[in-house]
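**Q** Structure below; questions to follow.
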Amino acid sequence: MDINDLNQKFQNSTAQEITEYFIKEYGQDAALSSSLGAEDQVLTDMVLKVDKSANIFTLDTGRLHPETYDVMDATNLKYGVKLNVFFPLNEKVEELYQKQGINGHFESIENRKNCCNIRKMEPLRRALKPLKVWITGLRAAQSVTRTDMPVVEYDENFEVIKVNPLINWSEEDVWNYIKQNNVPYNKLHDQGFPSIGCAPCTRAIKEGEDIRAGRWWWENPEHKECGLHAK
């Protein structure tokens, strides 16, 4: 079944139905990548209700908030699992520090993207290399860079089928699911952080700001992707 057929198949399906199809159809060849944010916690709950041994991985960049580790621990305990964790290569991080220092990412977009590449992109490539399906928590409302994303697409960068079960969900949908299903969530969300990444590059947003305004806040909105979901 090609991508267009899959999108046709799922045009009236729920996020649960979409998630269940790919987890059952592809087994360990499908994986959810989780940043441990609200959307990914929703999908973690959905995925593990289908298959307790499903493949869920996260990227530990080495610069996450303490609250992010807390929700990882709470997730492992609630569901009786151990999320798969991918780290950046230590020698590349050491080279990064030698080249641009610990906070050189603030100095230029090139530096910031170099940091993202080492801490996120390279580990993600390793995580996705053996897979056929990549499940994400992307929502169209999150960013100007995501408004045209379909439910299913082929990601040429990573050569996998990319599935976005929550693409048409609102923020209210996400939080209703979390409350109704008692899903662990990152407490930074209660402190004005709708989108959570590395600690130095994430801040709380002000009332009326775009929900991703707190990510790489010193850059223009059209640059605000680390490369994971670039076209």
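By convention in this document, the chains of the structure tokens carry letters A, B, ... by their order, each chain's residues are numbered from 1, and ligands are numbered from 1 in the order they are shown.
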Can you pull out every residue within 6 Å of region 30-44 of chain A, counting only C-alpha atoms, but drop anything in the same chain fewer than 4 positions away, and send it as a PyMOL selection string?
**A** chain A and resi 26+55-58+131-137+185
**Q** What does the file look like for those residues with N, CA, C and O atoms, as a PDB file, in the first residue's frame?
**A**
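Listing of selection32.pdb after writing:
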ATOM      1  N   TYR A  26       3.591  -3.655  11.685  1.00  0.00           N
ATOM      2  CA  TYR A  26       5.048  -3.603  11.532  1.00  0.00           C
ATOM      3  C   TYR A  26       5.827  -4.093  12.752  1.00  0.00           C
ATOM      4  O   TYR A  26       7.044  -4.285  12.652  1.00  0.00           O
ATOM      5  N   ASN A  55       8.222  -0.735  20.487  1.00  0.00           N
ATOM      6  CA  ASN A  55       9.482   0.006  20.429  1.00  0.00           C
ATOM      7  C   ASN A  55       9.217   1.506  20.621  1.00  0.00           C
ATOM      8  O   ASN A  55       8.609   2.147  19.769  1.00  0.00           O
ATOM      9  N   ILE A  56       9.660   2.040  21.743  1.00  0.00           N
ATOM     10  CA  ILE A  56       9.567   3.482  22.011  1.00  0.00           C
ATOM     11  C   ILE A  56      10.955   3.959  22.413  1.00  0.00           C
ATOM     12  O   ILE A  56      11.570   3.401  23.322  1.00  0.00           O
ATOM     13  N   PHE A  57      11.435   4.982  21.730  1.00  0.00           N
ATOM     14  CA  PHE A  57      12.767   5.479  22.059  1.00  0.00           C
ATOM     15  C   PHE A  57      12.749   6.987  22.275  1.00  0.00           C
ATOM     16  O   PHE A  57      11.873   7.706  21.795  1.00  0.00           O
ATOM     17  N   THR A  58      13.741   7.455  23.028  1.00  0.00           N
ATOM     18  CA  THR A  58      13.918   8.885  23.256  1.00  0.00           C
ATOM     19  C   THR A  58      15.381   9.239  23.065  1.00  0.00           C
ATOM     20  O   THR A  58      16.257   8.354  23.131  1.00  0.00           O
ATOM     21  N   LEU A 131      14.579   0.716  11.114  1.00  0.00           N
ATOM     22  CA  LEU A 131      13.115   0.767  11.126  1.00  0.00           C
ATOM     23  C   LEU A 131      12.502   0.982   9.746  1.00  0.00           C
ATOM     24  O   LEU A 131      13.145   1.485   8.828  1.00  0.00           O
ATOM     25  N   LYS A 132      11.219   0.625   9.656  1.00  0.00           N
ATOM     26  CA  LYS A 132      10.427   0.903   8.461  1.00  0.00           C
ATOM     27  C   LYS A 132       9.414   2.014   8.719  1.00  0.00           C
ATOM     28  O   LYS A 132       9.009   2.708   7.791  1.00  0.00           O
ATOM     29  N   VAL A 133       9.000   2.168   9.991  1.00  0.00           N
ATOM     30  CA  VAL A 133       7.961   3.153  10.342  1.00  0.00           C
ATOM     31  C   VAL A 133       8.404   3.976  11.540  1.00  0.00           C
ATOM     32  O   VAL A 133       8.853   3.426  12.558  1.00  0.00           O
ATOM     33  N   TRP A 134       8.245   5.281  11.415  1.00  0.00           N
ATOM     34  CA  TRP A 134       8.574   6.244  12.474  1.00  0.00           C
ATOM     35  C   TRP A 134       7.289   6.957  12.883  1.00  0.00           C
ATOM     36  O   TRP A 134       6.695   7.686  12.098  1.00  0.00           O
ATOM     37  N   ILE A 135       6.861   6.740  14.120  1.00  0.00           N
ATOM     38  CA  ILE A 135       5.647   7.368  14.646  1.00  0.00           C
ATOM     39  C   ILE A 135       6.036   8.606  15.442  1.00  0.00           C
ATOM     40  O   ILE A 135       6.917   8.543  16.304  1.00  0.00           O
ATOM     41  N   THR A 136       5.389   9.738  15.156  1.00  0.00           N
ATOM     42  CA  THR A 136       5.727  10.994  15.829  1.00  0.00           C
ATOM     43  C   THR A 136       4.492  11.633  16.455  1.00  0.00           C
ATOM     44  O   THR A 136       3.358  11.328  16.094  1.00  0.00           O
ATOM     45  N   GLY A 137       4.746  12.574  17.358  1.00  0.00           N
ATOM     46  CA  GLY A 137       3.673  13.312  18.022  1.00  0.00           C
ATOM     47  C   GLY A 137       3.412  14.674  17.408  1.00  0.00           C
ATOM     48  O   GLY A 137       2.866  15.554  18.076  1.00  0.00           O
ATOM     49  N   TYR A 185       2.950  13.313  32.765  1.00  0.00           N
ATOM     50  CA  TYR A 185       3.364  14.381  31.849  1.00  0.00           C
ATOM     51  C   TYR A 185       4.431  15.247  32.506  1.00  0.00           C
ATOM     52  O   TYR A 185       4.597  15.251  33.719  1.00  0.00           O
TER      53      TYR A 185
END
**Q** Which residues are near Asn181 (chain A)? Cut-off 10 Å, only C-alpha atoms, ignore same chain within fewer than 3 positions. Put them as number ranges by chain.
**A** A: 42, 45-46, 175-178, 184
**Q** Would you save the residues from that selection as a PDB file, in the first residue's frame, using C-alpha atoms?
**A**
ATOM      1  CA  VAL A  42      -0.366  10.470  24.721  1.00  0.00           C
ATOM      2  CA  ASP A  45      -0.105   5.423  26.297  1.00  0.00           C
ATOM      3  CA  MET A  46      -1.803   4.456  23.018  1.00  0.00           C
ATOM      4  CA  TRP A 175      -4.792  17.460  27.557  1.00  0.00           C
ATOM      5  CA  ASN A 176      -8.222  15.835  27.665  1.00  0.00           C
ATOM      6  CA  TYR A 177      -6.607  12.505  26.802  1.00  0.00           C
ATOM      7  CA  ILE A 178      -3.879  12.945  29.428  1.00  0.00           C
ATOM      8  CA  PRO A 184       2.304  11.027  33.275  1.00  0.00           C
TER       9      PRO A 184
END
**Q** Give me the residues near Gly197 (chain A) as a PyMOL selection string, where near means some atom within 8 Å (using only C-alpha atoms) and where sequence neighbours in that chain fewer than 2 positions away do not count.
**A** chain A and resi 35+64+195+199+201-202+215
**Q** Between CA of Val50 (chain A) and CA of Glu20 (chain A), measure the distance and give it in Å to one decimal.
**A**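 CA of Glu20 (chain A) lies 6.1 Å from CA of Val50 (chain A).
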**Q** From the set A:Arg126, A:Ala141, A:Val152, A:Lys9, which residue has the shortest atom-to-atom contact distance to Asp210 (chain A), counting only C-alpha atoms?
**A**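 Closest residue, counting only C-alpha atoms: A:Ala141.
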**Q** How far is it from CA of Lys78 (chain A) to CA of Gln16 (chain A), in Å with one decimal?
**A**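 We find that CA of Lys78 (chain A) and CA of Gln16 (chain A) lie 19.5 Å from each other.
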**Q** Suppose you want the space between CA of Gly192 (chain A) and CA of Gly101 (chain A); what is it in Å?
**A**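 Rounded to one decimal, the two atoms are 28.8 Å apart.
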